[in-house]
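*Asks:* Here you go, one structure.
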2 protein chains.
Amino acid sequence: MAPGVPSEEIARRIDAFQAGLVADGIDAALIVEASDLYYLTGTVQDAHLVVPAAGEPVYLVRRVLERARAESPLARIEPLASLRDLAPAVRAACGEIDRLGLELDVLPAARYLRYVRTFDGVEFADCMPALWRARSRKSAWEVDRIRGASLQLRAAFAAVPALLASCATDRDLQVELEHVLRSAGHQGACRFRGLNGDVFYGAVLAGPDAAVPASSDTPLGGYGPSPAVGRGPRAGRIEPGGAVTVDLVGALDGYLVDATRTFATAPLIEPLAAALRVCEEILETVEPLLVAGVSWRASYDRGLEVARAAGFGDSFMGSVSFIGHGVGLEMNEPPFLAAGLDRSLEAGNVVAVEPKLVFPGVGAVGVENTYLVRPDGPPENLTA
Amino acid sequence: MAPGVPSEEIARRIDAFQAGLVADGIDAALIVEASDLYYLTGTVQDAHLVVPAAGEPVYLVRRVLERARAESPLARIEPLASLRDLAPAVRAACGEIDRLGLELDVLPAARYLRYVRTFDGVEFADCMPALWRARSRKSAWEVDRIRGASLQLRAAFAAVPALLASCATDRDLQVELEHVLRSAGHQGACRFRGLNGDVFYGAVLAGPDAAVPASSDTPLGGYGPSPAVGRGPRAGRIEPGGAVTVDLVGALDGYLVDATRTFATAPLIEPLAAALRVCEEILETVEPLLVAGVSWRASYDRGLEVARAAGFGDSFMGSVSFIGHGVGLEMNEPPFLAAGLDRSLEAGNVVAVEPKLVFPGVGAVGVENTYLVRPDGPPENLTA
């Protein structure tokens, strides 16, 4: 078994979440989503985690109780056979509650409506602002997991040059790189928060297909294998001088890491060659802004300036308005380095920064690293 | 590009869904989930599909409008820039609405609460019973996709004997079989409906790990690569005489297919050898019950009887109470061949039937095919 989440790590997380609940005036939170459960308990079960704003959390497990007890350091782990028993169990754990926090961004409406009936007279609130404040400040233990995941990406990028000799299309290359990632220990599943969040191993895209936008909020899209998926590679031919963007996700012990490299089998044609140099320049220019206290939007604004100065303003980030996103147990965590967002980076944030330039009908280029934000000084590149 | 969903197919689906809305007293439905959007429009976008109980549906697309128009045969596909414009657009499409149907099983609570504010005075209802009645009766076109996906499974099962010579653990074998599936055209993503529905390519499990229950409602579980995932293979050694259950999912043009075969590198030890014969006997006994008009529970009840008669009642289906499940665009569709469910099978249902016997500390065995239910006579095995 992979090492479980250490008990002091769980205790620190619960403390941070409880401080957030107190600050937000929430009496207790009811947690059911897999990433949140893993973060706060160290194990994913079919269960409710009850976190009072003060006092001992209780993990109420439908299945599998024995595994929850074996994998989680929490002291109170109890069976919950039926949703009928939920309200009494929550009241036993927390006393009387006025405001109960829920994961409103992912909790299905049917379940929400069931809770409304179950917790008669209780007001519901969104506990995610409090939980994201905790989750977005990664601990040293968490950063170590992300470093481990980045070794998978290193193995994959190192394999690309040889694979380009045998792969005719972006899809062929993607399939081989997935195999390299899995062989290097990739956990398989990648979690993407919210409805319709199909995330896979990233996407390899060659030629004009890379410039085709998809429904996902990603700078590059692609047609996907069919309209049923609608993103990622179809079967774009890898042509000499065309760009092959390799955007991959590593995953170890739940933690993700995200990086992009652009490859070609012959010198890149213009404007792609110049654009790739501009992407590299943007990344270099933005790196010093990845420090605690700097606004989320600063990286986006600065990147756009550099792209415009090089004459590539219209190509910047394709059809999206961000240059980076937080990465952790899920692929789309705060902070969001996006247009108009004035919140500030904090020490412990882990962000993937991905300057990309998109040329419809021609292709796309880009680079991406995942960084750890430190209290001061430059960020640590976790995907060097 | 893979062939899109034919326009007559979309027209038939919309008709069937509208008939269901009328029957359920719902004036219009608002659809946002990927599988449902693909089913009703032929394309997955960041969008709302408005389906009035009578009249023309309107696909309101945030992104990507051009792709929606290229991929969907629907006549009315229009941009929707902001949720502020949603209620006026729905009223323009449907007139005044008393009851609006939503996908309550998957719609996030925050979105539901937004709709409550947006559609002042409108009553909300669950449109999924109506949509499942349509989705669970597969057309000939859909069954052809499932047949195509099953060729991927055939390639994977055929590769197992040779791979067993080089794979020391179940995880090694799983990684190689994923590569075989992808190389045979597997689309990558598999959709599993509902919260925490991490589904992957299925699971390869060897030895005692196969008998470890997981939080997912599946007969076999496994520890998974870490507690962050918590299901599937860890690194269970493939031992002579131990059972290796290979439960795989094929996926083509959105459509899934599910099958299980049990392998061993030397004659299976007892009780596994006898148990595998009983699983095969159960499947043979249950097949004639997969016909329109027979109850969902009949297969489960009959399977349990056969298991009990063989002395394996306590091992039947591990810790779950079903023997089969519908398969289509998602892995967990109706019908559910489960204890206590008295609804009846219908022609066009596609069901995976998976008798499995689980022996804690020893291992698990099982077989599984995906079948098409016909109006009368035996079902068609789509995974022969």
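Here's how to read the names in the structure tokens: chain A, B, ... by the order shown, residue numbers from 1 in each chain, ligand numbers from 1 in the order shown.
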Within 8 Å of chain B, which residues of chain A come that close, and what is the closest atom pair and distance in Å for each? Count only C-alpha atoms and give it as JSON lines.
*Replies:*
```
{"residue": "A:Met1", "atom": "CA", "partner": "B:Ser226", "partner_atom": "CA", "distance": 6.3}
{"residue": "A:Ala2", "atom": "CA", "partner": "B:Ser226", "partner_atom": "CA", "distance": 5.1}
{"residue": "A:Pro3", "atom": "CA", "partner": "B:Ser226", "partner_atom": "CA", "distance": 7.5}
{"residue": "A:Gly4", "atom": "CA", "partner": "B:Pro227", "partner_atom": "CA", "distance": 6.7}
{"residue": "A:Glu33", "atom": "CA", "partner": "B:Asn196", "partner_atom": "CA", "distance": 6.3}
{"residue": "A:Ala34", "atom": "CA", "partner": "B:Asn196", "partner_atom": "CA", "distance": 5.6}
{"residue": "A:Ser35", "atom": "CA", "partner": "B:Ala228", "partner_atom": "CA", "distance": 7.8}
{"residue": "A:Tyr38", "atom": "CA", "partner": "B:Ala228", "partner_atom": "CA", "distance": 6.0}
{"residue": "A:Gly42", "atom": "CA", "partner": "B:Pro227", "partner_atom": "CA", "distance": 6.8}
{"residue": "A:Thr43", "atom": "CA", "partner": "B:Pro227", "partner_atom": "CA", "distance": 5.1}
{"residue": "A:Val44", "atom": "CA", "partner": "B:Ala228", "partner_atom": "CA", "distance": 6.3}
{"residue": "A:Gln45", "atom": "CA", "partner": "B:Ser215", "partner_atom": "CA", "distance": 4.9}
{"residue": "A:Asp46", "atom": "CA", "partner": "B:Ser215", "partner_atom": "CA", "distance": 5.2}
{"residue": "A:Arg63", "atom": "CA", "partner": "B:Ser215", "partner_atom": "CA", "distance": 5.3}
{"residue": "A:Val64", "atom": "CA", "partner": "B:Ser215", "partner_atom": "CA", "distance": 5.6}
{"residue": "A:Arg67", "atom": "CA", "partner": "B:Ala214", "partner_atom": "CA", "distance": 7.9}
{"residue": "A:Glu71", "atom": "CA", "partner": "B:Pro227", "partner_atom": "CA", "distance": 6.9}
{"residue": "A:Leu104", "atom": "CA", "partner": "B:Ala110", "partner_atom": "CA", "distance": 5.0}
{"residue": "A:Asp105", "atom": "CA", "partner": "B:Ala110", "partner_atom": "CA", "distance": 5.4}
{"residue": "A:Val106", "atom": "CA", "partner": "B:Pro108", "partner_atom": "CA", "distance": 5.0}
{"residue": "A:Leu107", "atom": "CA", "partner": "B:Pro108", "partner_atom": "CA", "distance": 5.3}
{"residue": "A:Pro108", "atom": "CA", "partner": "B:Pro108", "partner_atom": "CA", "distance": 4.6}
{"residue": "A:Ala109", "atom": "CA", "partner": "B:Ala109", "partner_atom": "CA", "distance": 4.4}
{"residue": "A:Ala110", "atom": "CA", "partner": "B:Leu104", "partner_atom": "CA", "distance": 5.0}
{"residue": "A:Arg111", "atom": "CA", "partner": "B:Asp105", "partner_atom": "CA", "distance": 7.7}
{"residue": "A:Tyr112", "atom": "CA", "partner": "B:Ala109", "partner_atom": "CA", "distance": 6.2}
{"residue": "A:Asp172", "atom": "CA", "partner": "B:Ser183", "partner_atom": "CA", "distance": 7.8}
{"residue": "A:Val175", "atom": "CA", "partner": "B:Arg182", "partner_atom": "CA", "distance": 6.3}
{"residue": "A:Glu176", "atom": "CA", "partner": "B:His179", "partner_atom": "CA", "distance": 7.6}
{"residue": "A:Glu178", "atom": "CA", "partner": "B:His179", "partner_atom": "CA", "distance": 7.9}
{"residue": "A:His179", "atom": "CA", "partner": "B:His179", "partner_atom": "CA", "distance": 6.1}
{"residue": "A:Arg182", "atom": "CA", "partner": "B:Val175", "partner_atom": "CA", "distance": 6.3}
{"residue": "A:Ser183", "atom": "CA", "partner": "B:Val175", "partner_atom": "CA", "distance": 6.9}
{"residue": "A:Gln187", "atom": "CA", "partner": "B:Pro225", "partner_atom": "CA", "distance": 6.0}
{"residue": "A:Gly188", "atom": "CA", "partner": "B:Phe200", "partner_atom": "CA", "distance": 7.4}
{"residue": "A:Ala189", "atom": "CA", "partner": "B:Phe200", "partner_atom": "CA", "distance": 6.7}
{"residue": "A:Arg191", "atom": "CA", "partner": "B:Asp198", "partner_atom": "CA", "distance": 8.0}
{"residue": "A:Gly194", "atom": "CA", "partner": "B:Pro108", "partner_atom": "CA", "distance": 7.8}
{"residue": "A:Leu195", "atom": "CA", "partner": "B:Glu33", "partner_atom": "CA", "distance": 6.9}
{"residue": "A:Asn196", "atom": "CA", "partner": "B:Ala34", "partner_atom": "CA", "distance": 5.6}
{"residue": "A:Asp198", "atom": "CA", "partner": "B:Ala189", "partner_atom": "CA", "distance": 6.8}
{"residue": "A:Val199", "atom": "CA", "partner": "B:Ala189", "partner_atom": "CA", "distance": 7.7}
{"residue": "A:Phe200", "atom": "CA", "partner": "B:Ala189", "partner_atom": "CA", "distance": 6.7}
{"residue": "A:Pro213", "atom": "CA", "partner": "B:Val64", "partner_atom": "CA", "distance": 6.9}
{"residue": "A:Ala214", "atom": "CA", "partner": "B:Val64", "partner_atom": "CA", "distance": 6.3}
{"residue": "A:Ser215", "atom": "CA", "partner": "B:Gln45", "partner_atom": "CA", "distance": 4.9}
{"residue": "A:Ser216", "atom": "CA", "partner": "B:Asp46", "partner_atom": "CA", "distance": 7.3}
{"residue": "A:Tyr223", "atom": "CA", "partner": "B:Met1", "partner_atom": "CA", "distance": 7.8}
{"residue": "A:Pro225", "atom": "CA", "partner": "B:Gln187", "partner_atom": "CA", "distance": 6.0}
{"residue": "A:Ser226", "atom": "CA", "partner": "B:Ala2", "partner_atom": "CA", "distance": 5.1}
{"residue": "A:Pro227", "atom": "CA", "partner": "B:Thr43", "partner_atom": "CA", "distance": 5.1}
{"residue": "A:Ala228", "atom": "CA", "partner": "B:Gly254", "partner_atom": "CA", "distance": 4.9}
{"residue": "A:Val229", "atom": "CA", "partner": "B:Gly254", "partner_atom": "CA", "distance": 6.8}
{"residue": "A:Gly230", "atom": "CA", "partner": "B:Val44", "partner_atom": "CA", "distance": 6.6}
{"residue": "A:Arg234", "atom": "CA", "partner": "B:Met1", "partner_atom": "CA", "distance": 7.0}
{"residue": "A:Asp253", "atom": "CA", "partner": "B:Ser226", "partner_atom": "CA", "distance": 5.6}
{"residue": "A:Gly254", "atom": "CA", "partner": "B:Ala228", "partner_atom": "CA", "distance": 4.9}
```
*Asks:* Give the strand (DSSP E or B) residues of segment 181-257 of chain B, as DSSP finds them on the backbone, and put them as number ranges by chain.
*Replies:* B: 202-206, 237, 244-252, 255-257
*Asks:* Mind checking DSSP for segment 83-153 of chain B and telling me the helix (DSSP H, G or I) residues as a PDB file with N, CA and C atoms, in the first residue's frame?
*Replies:*
```pdb
ATOM      1  N   LEU B  83     -25.867  33.391 -18.086  1.00  0.00           N
ATOM      2  CA  LEU B  83     -27.020  32.758 -17.440  1.00  0.00           C
ATOM      3  C   LEU B  83     -28.162  33.750 -17.244  1.00  0.00           C
ATOM      4  N   ARG B  84     -27.817  35.050 -17.258  1.00  0.00           N
ATOM      5  CA  ARG B  84     -28.873  36.065 -17.137  1.00  0.00           C
ATOM      6  C   ARG B  84     -29.871  35.980 -18.294  1.00  0.00           C
ATOM      7  N   ASP B  85     -29.372  35.502 -19.441  1.00  0.00           N
ATOM      8  CA  ASP B  85     -30.248  35.428 -20.619  1.00  0.00           C
ATOM      9  C   ASP B  85     -31.021  34.114 -20.699  1.00  0.00           C
ATOM     10  N   LEU B  86     -30.809  33.219 -19.719  1.00  0.00           N
ATOM     11  CA  LEU B  86     -31.373  31.875 -19.836  1.00  0.00           C
ATOM     12  C   LEU B  86     -32.898  31.876 -19.753  1.00  0.00           C
ATOM     13  N   ALA B  87     -33.447  32.500 -18.701  1.00  0.00           N
ATOM     14  CA  ALA B  87     -34.904  32.432 -18.515  1.00  0.00           C
ATOM     15  C   ALA B  87     -35.650  33.056 -19.697  1.00  0.00           C
ATOM     16  N   PRO B  88     -35.240  34.243 -20.169  1.00  0.00           N
ATOM     17  CA  PRO B  88     -35.919  34.772 -21.364  1.00  0.00           C
ATOM     18  C   PRO B  88     -35.812  33.825 -22.567  1.00  0.00           C
ATOM     19  N   ALA B  89     -34.658  33.211 -22.751  1.00  0.00           N
ATOM     20  CA  ALA B  89     -34.490  32.310 -23.896  1.00  0.00           C
ATOM     21  C   ALA B  89     -35.382  31.078 -23.759  1.00  0.00           C
ATOM     22  N   VAL B  90     -35.510  30.556 -22.538  1.00  0.00           N
ATOM     23  CA  VAL B  90     -36.368  29.389 -22.321  1.00  0.00           C
ATOM     24  C   VAL B  90     -37.826  29.768 -22.566  1.00  0.00           C
ATOM     25  N   ARG B  91     -38.231  30.932 -22.082  1.00  0.00           N
ATOM     26  CA  ARG B  91     -39.629  31.362 -22.287  1.00  0.00           C
ATOM     27  C   ARG B  91     -39.904  31.608 -23.765  1.00  0.00           C
ATOM     28  N   ALA B  92     -38.901  32.127 -24.469  1.00  0.00           N
ATOM     29  CA  ALA B  92     -39.082  32.348 -25.909  1.00  0.00           C
ATOM     30  C   ALA B  92     -39.268  31.018 -26.631  1.00  0.00           C
ATOM     31  N   ALA B  93     -38.577  29.979 -26.142  1.00  0.00           N
ATOM     32  CA  ALA B  93     -38.655  28.673 -26.805  1.00  0.00           C
ATOM     33  C   ALA B  93     -39.911  27.915 -26.427  1.00  0.00           C
ATOM     34  N   CYS B  94     -40.405  28.113 -25.205  1.00  0.00           N
ATOM     35  CA  CYS B  94     -41.444  27.226 -24.670  1.00  0.00           C
ATOM     36  C   CYS B  94     -42.724  27.948 -24.283  1.00  0.00           C
ATOM     37  N   ALA B 109     -25.917  21.515  -6.793  1.00  0.00           N
ATOM     38  CA  ALA B 109     -26.860  22.282  -5.974  1.00  0.00           C
ATOM     39  C   ALA B 109     -26.744  23.781  -6.241  1.00  0.00           C
ATOM     40  N   ALA B 110     -25.514  24.280  -6.424  1.00  0.00           N
ATOM     41  CA  ALA B 110     -25.349  25.723  -6.652  1.00  0.00           C
ATOM     42  C   ALA B 110     -26.078  26.145  -7.925  1.00  0.00           C
ATOM     43  N   ARG B 111     -26.018  25.311  -8.941  1.00  0.00           N
ATOM     44  CA  ARG B 111     -26.693  25.614 -10.200  1.00  0.00           C
ATOM     45  C   ARG B 111     -28.210  25.538 -10.004  1.00  0.00           C
ATOM     46  N   TYR B 112     -28.648  24.519  -9.265  1.00  0.00           N
ATOM     47  CA  TYR B 112     -30.075  24.395  -8.968  1.00  0.00           C
ATOM     48  C   TYR B 112     -30.592  25.649  -8.265  1.00  0.00           C
ATOM     49  N   LEU B 113     -29.834  26.120  -7.272  1.00  0.00           N
ATOM     50  CA  LEU B 113     -30.279  27.300  -6.520  1.00  0.00           C
ATOM     51  C   LEU B 113     -30.289  28.530  -7.415  1.00  0.00           C
ATOM     52  N   ARG B 114     -29.359  28.583  -8.352  1.00  0.00           N
ATOM     53  CA  ARG B 114     -29.354  29.679  -9.324  1.00  0.00           C
ATOM     54  C   ARG B 114     -30.618  29.634 -10.192  1.00  0.00           C
ATOM     55  N   TYR B 115     -30.999  28.427 -10.621  1.00  0.00           N
ATOM     56  CA  TYR B 115     -32.214  28.290 -11.434  1.00  0.00           C
ATOM     57  C   TYR B 115     -33.456  28.693 -10.629  1.00  0.00           C
ATOM     58  N   VAL B 116     -33.471  28.345  -9.340  1.00  0.00           N
ATOM     59  CA  VAL B 116     -34.608  28.715  -8.493  1.00  0.00           C
ATOM     60  C   VAL B 116     -34.781  30.236  -8.500  1.00  0.00           C
ATOM     61  N   ARG B 117     -33.662  30.958  -8.426  1.00  0.00           N
ATOM     62  CA  ARG B 117     -33.758  32.428  -8.459  1.00  0.00           C
ATOM     63  C   ARG B 117     -34.127  32.922  -9.862  1.00  0.00           C
ATOM     64  N   THR B 118     -33.565  32.237 -10.878  1.00  0.00           N
ATOM     65  CA  THR B 118     -33.754  32.684 -12.269  1.00  0.00           C
ATOM     66  C   THR B 118     -35.186  32.475 -12.751  1.00  0.00           C
ATOM     67  N   MET B 128     -35.355  13.005 -15.230  1.00  0.00           N
ATOM     68  CA  MET B 128     -34.592  11.800 -15.543  1.00  0.00           C
ATOM     69  C   MET B 128     -35.460  10.556 -15.734  1.00  0.00           C
ATOM     70  N   PRO B 129     -36.548  10.358 -15.005  1.00  0.00           N
ATOM     71  CA  PRO B 129     -37.375   9.188 -15.341  1.00  0.00           C
ATOM     72  C   PRO B 129     -37.781   9.194 -16.814  1.00  0.00           C
ATOM     73  N   ALA B 130     -38.184  10.341 -17.328  1.00  0.00           N
ATOM     74  CA  ALA B 130     -38.561  10.418 -18.748  1.00  0.00           C
ATOM     75  C   ALA B 130     -37.358  10.179 -19.651  1.00  0.00           C
ATOM     76  N   LEU B 131     -36.215  10.743 -19.298  1.00  0.00           N
ATOM     77  CA  LEU B 131     -35.043  10.583 -20.160  1.00  0.00           C
ATOM     78  C   LEU B 131     -34.503   9.156 -20.111  1.00  0.00           C
ATOM     79  N   TRP B 132     -34.550   8.537 -18.940  1.00  0.00           N
ATOM     80  CA  TRP B 132     -34.072   7.146 -18.862  1.00  0.00           C
ATOM     81  C   TRP B 132     -34.969   6.199 -19.647  1.00  0.00           C
ATOM     82  N   ARG B 133     -36.282   6.487 -19.683  1.00  0.00           N
ATOM     83  CA  ARG B 133     -37.150   5.616 -20.492  1.00  0.00           C
ATOM     84  C   ARG B 133     -36.701   5.641 -21.955  1.00  0.00           C
ATOM     85  N   ALA B 134     -36.275   6.809 -22.431  1.00  0.00           N
ATOM     86  CA  ALA B 134     -35.761   6.883 -23.805  1.00  0.00           C
ATOM     87  C   ALA B 134     -34.379   6.251 -23.896  1.00  0.00           C
ATOM     88  N   ARG B 135     -33.466   6.662 -23.020  1.00  0.00           N
ATOM     89  CA  ARG B 135     -32.072   6.222 -23.133  1.00  0.00           C
ATOM     90  C   ARG B 135     -31.920   4.719 -22.944  1.00  0.00           C
ATOM     91  N   ALA B 140     -30.951   0.388 -33.064  1.00  0.00           N
ATOM     92  CA  ALA B 140     -30.004  -0.450 -33.808  1.00  0.00           C
ATOM     93  C   ALA B 140     -28.671   0.287 -33.990  1.00  0.00           C
ATOM     94  N   TRP B 141     -28.729   1.611 -34.215  1.00  0.00           N
ATOM     95  CA  TRP B 141     -27.501   2.395 -34.382  1.00  0.00           C
ATOM     96  C   TRP B 141     -26.660   2.366 -33.102  1.00  0.00           C
ATOM     97  N   GLU B 142     -27.336   2.504 -31.980  1.00  0.00           N
ATOM     98  CA  GLU B 142     -26.603   2.471 -30.705  1.00  0.00           C
ATOM     99  C   GLU B 142     -26.000   1.093 -30.447  1.00  0.00           C
ATOM    100  N   VAL B 143     -26.763   0.042 -30.725  1.00  0.00           N
ATOM    101  CA  VAL B 143     -26.261  -1.318 -30.498  1.00  0.00           C
ATOM    102  C   VAL B 143     -25.049  -1.587 -31.394  1.00  0.00           C
ATOM    103  N   ASP B 144     -25.053  -1.006 -32.600  1.00  0.00           N
ATOM    104  CA  ASP B 144     -23.877  -1.157 -33.472  1.00  0.00           C
ATOM    105  C   ASP B 144     -22.631  -0.521 -32.848  1.00  0.00           C
ATOM    106  N   ARG B 145     -22.784   0.631 -32.188  1.00  0.00           N
ATOM    107  CA  ARG B 145     -21.639   1.246 -31.512  1.00  0.00           C
ATOM    108  C   ARG B 145     -21.114   0.300 -30.414  1.00  0.00           C
ATOM    109  N   ILE B 146     -22.054  -0.311 -29.680  1.00  0.00           N
ATOM    110  CA  ILE B 146     -21.663  -1.193 -28.573  1.00  0.00           C
ATOM    111  C   ILE B 146     -20.964  -2.437 -29.120  1.00  0.00           C
ATOM    112  N   ARG B 147     -21.466  -2.937 -30.260  1.00  0.00           N
ATOM    113  CA  ARG B 147     -20.768  -4.070 -30.893  1.00  0.00           C
ATOM    114  C   ARG B 147     -19.348  -3.667 -31.271  1.00  0.00           C
ATOM    115  N   GLY B 148     -19.195  -2.455 -31.789  1.00  0.00           N
ATOM    116  CA  GLY B 148     -17.862  -1.974 -32.154  1.00  0.00           C
ATOM    117  C   GLY B 148     -16.959  -1.878 -30.933  1.00  0.00           C
ATOM    118  N   ALA B 149     -17.493  -1.377 -29.845  1.00  0.00           N
ATOM    119  CA  ALA B 149     -16.692  -1.269 -28.620  1.00  0.00           C
ATOM    120  C   ALA B 149     -16.280  -2.648 -28.122  1.00  0.00           C
ATOM    121  N   SER B 150     -17.120  -3.652 -28.346  1.00  0.00           N
ATOM    122  CA  SER B 150     -16.786  -4.982 -27.816  1.00  0.00           C
ATOM    123  C   SER B 150     -15.606  -5.605 -28.570  1.00  0.00           C
ATOM    124  N   LEU B 151     -15.312  -5.120 -29.775  1.00  0.00           N
ATOM    125  CA  LEU B 151     -14.105  -5.607 -30.462  1.00  0.00           C
ATOM    126  C   LEU B 151     -12.844  -5.224 -29.687  1.00  0.00           C
ATOM    127  N   GLN B 152     -12.894  -4.079 -29.003  1.00  0.00           N
ATOM    128  CA  GLN B 152     -11.747  -3.685 -28.160  1.00  0.00           C
ATOM    129  C   GLN B 152     -11.551  -4.711 -27.041  1.00  0.00           C
ATOM    130  N   LEU B 153     -12.664  -5.150 -26.450  1.00  0.00           N
ATOM    131  CA  LEU B 153     -12.562  -6.140 -25.368  1.00  0.00           C
ATOM    132  C   LEU B 153     -12.023  -7.460 -25.892  1.00  0.00           C
TER     133      LEU B 153
END
```
*Asks:* Rounded to one decimal, what separation in Å do you get between atom CA of Glu56 of chain B and atom CA of Ala23 of chain B?
*Replies:* 18.0 Å
*Asks:* Measuring between only C-alpha atoms, which one of B:Ala16, B:Val257, B:Leu276, B:Ala309 shows the shortest distance to Leu372 of chain B?
*Replies:*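 The closest residue to Leu372 of chain B is B:Val257.
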*Asks:* Considering only C-alpha atoms, return as a list in words whatever protein or nucleic-acid residues lie within 9 Å of Val362 of chain B, sequence-local ones (same chain, fewer than 3 positions apart) excluded.
*Replies:*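 That gives Gly207, Pro208, Asp209, Ala210, Ala211, Gly242, Ala243, Pro271, Leu272, Val358 and Phe359 of chain B.
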*Asks:* Can you pull out the residues contacting Asn369 of chain B? Cut-off 8 Å, using only C-alpha atoms, and skip same-chain residues under 2 positions away; I want them as a PDB file with N, CA, C and O atoms, in the first residue's frame.
*Replies:*
```
ATOM      1  N   ASP B 258     -19.192  -3.884 -21.345  1.00  0.00           N
ATOM      2  CA  ASP B 258     -18.575  -4.338 -20.105  1.00  0.00           C
ATOM      3  C   ASP B 258     -18.521  -5.865 -20.125  1.00  0.00           C
ATOM      4  O   ASP B 258     -19.531  -6.517 -20.402  1.00  0.00           O
ATOM      5  N   ALA B 259     -17.340  -6.424 -19.846  1.00  0.00           N
ATOM      6  CA  ALA B 259     -17.218  -7.882 -19.796  1.00  0.00           C
ATOM      7  C   ALA B 259     -16.110  -8.274 -18.829  1.00  0.00           C
ATOM      8  O   ALA B 259     -15.181  -7.507 -18.577  1.00  0.00           O
ATOM      9  N   THR B 260     -16.231  -9.485 -18.298  1.00  0.00           N
ATOM     10  CA  THR B 260     -15.244 -10.014 -17.356  1.00  0.00           C
ATOM     11  C   THR B 260     -14.877 -11.436 -17.755  1.00  0.00           C
ATOM     12  O   THR B 260     -15.752 -12.229 -18.118  1.00  0.00           O
ATOM     13  N   ALA B 352     -25.284  -5.509 -18.678  1.00  0.00           N
ATOM     14  CA  ALA B 352     -24.117  -6.321 -18.342  1.00  0.00           C
ATOM     15  C   ALA B 352     -24.503  -7.207 -17.165  1.00  0.00           C
ATOM     16  O   ALA B 352     -24.977  -6.707 -16.146  1.00  0.00           O
ATOM     17  N   VAL B 353     -24.318  -8.514 -17.331  1.00  0.00           N
ATOM     18  CA  VAL B 353     -24.670  -9.461 -16.268  1.00  0.00           C
ATOM     19  C   VAL B 353     -23.383 -10.111 -15.793  1.00  0.00           C
ATOM     20  O   VAL B 353     -22.628 -10.664 -16.601  1.00  0.00           O
ATOM     21  N   GLU B 354     -23.122 -10.028 -14.490  1.00  0.00           N
ATOM     22  CA  GLU B 354     -21.788 -10.353 -13.989  1.00  0.00           C
ATOM     23  C   GLU B 354     -21.803 -11.207 -12.730  1.00  0.00           C
ATOM     24  O   GLU B 354     -21.419 -10.742 -11.660  1.00  0.00           O
ATOM     25  N   VAL B 367     -17.631 -14.102 -14.240  1.00  0.00           N
ATOM     26  CA  VAL B 367     -17.759 -13.928 -15.686  1.00  0.00           C
ATOM     27  C   VAL B 367     -18.771 -12.806 -15.899  1.00  0.00           C
ATOM     28  O   VAL B 367     -19.566 -12.477 -15.016  1.00  0.00           O
ATOM     29  N   TYR B 371     -25.495  -7.940 -22.801  1.00  0.00           N
ATOM     30  CA  TYR B 371     -26.551  -8.521 -23.624  1.00  0.00           C
ATOM     31  C   TYR B 371     -27.535  -7.463 -24.121  1.00  0.00           C
ATOM     32  O   TYR B 371     -27.818  -6.493 -23.416  1.00  0.00           O
ATOM     33  N   ASN B 381     -25.887 -11.903 -27.059  1.00  0.00           N
ATOM     34  CA  ASN B 381     -24.655 -11.612 -26.327  1.00  0.00           C
ATOM     35  C   ASN B 381     -23.776 -10.710 -27.191  1.00  0.00           C
ATOM     36  O   ASN B 381     -23.277 -11.125 -28.231  1.00  0.00           O
ATOM     37  N   LEU B 382     -23.591  -9.464 -26.749  1.00  0.00           N
ATOM     38  CA  LEU B 382     -22.806  -8.488 -27.522  1.00  0.00           C
ATOM     39  C   LEU B 382     -21.309  -8.626 -27.263  1.00  0.00           C
ATOM     40  O   LEU B 382     -20.508  -7.910 -27.859  1.00  0.00           O
ATOM     41  N   THR B 383     -20.941  -9.539 -26.364  1.00  0.00           N
ATOM     42  CA  THR B 383     -19.528  -9.705 -26.003  1.00  0.00           C
ATOM     43  C   THR B 383     -19.108 -11.161 -26.167  1.00  0.00           C
ATOM     44  O   THR B 383     -18.334 -11.686 -25.367  1.00  0.00           O
ATOM     45  N   ALA B 384     -19.643 -11.793 -27.206  1.00  0.00           N
ATOM     46  CA  ALA B 384     -19.357 -13.220 -27.405  1.00  0.00           C
ATOM     47  C   ALA B 384     -17.883 -13.406 -27.774  1.00  0.00           C
ATOM     48  O   ALA B 384     -17.299 -12.561 -28.443  1.00  0.00           O
TER      49      ALA B 384
END
```
*Asks:* I'd like the neighbourhood of Phe322 of chain A as a ChimeraX atom specification, where a residue qualifies if any of its atoms comes within 10 Å (using only C-alpha atoms), though same-chain residues fewer than 6 positions away should be ignored.
*Replies:* /A:217-219,296-297,299-301,303-304,316,336-341,353-355
*Asks:* Just how far from atom CA of Ala158 of chain B is atom CA of Ile323 of chain B, in Å to one decimal?
*Replies:*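 Interatomic distance, atom CA of Ile323 of chain B to atom CA of Ala158 of chain B: 25.1 Å.
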*Asks:* Which one is closest to Val122 of chain B: B:Gly101, B:Ile282, B:Ile10, B:Ser139? Count only C-alpha atoms.
*Replies:*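 Of all the options, B:Gly101 lies closest to Val122 of chain B.
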*Asks:* Which polymer residues have any atom within 8 Å of an atom of Leu357 of chain B, counting only C-alpha atoms, with same-chain residues fewer than 5 positions away left out, as a PyMOL selection string?
*Replies:* chain B and resi 275-276+279+312+315-318+364-366
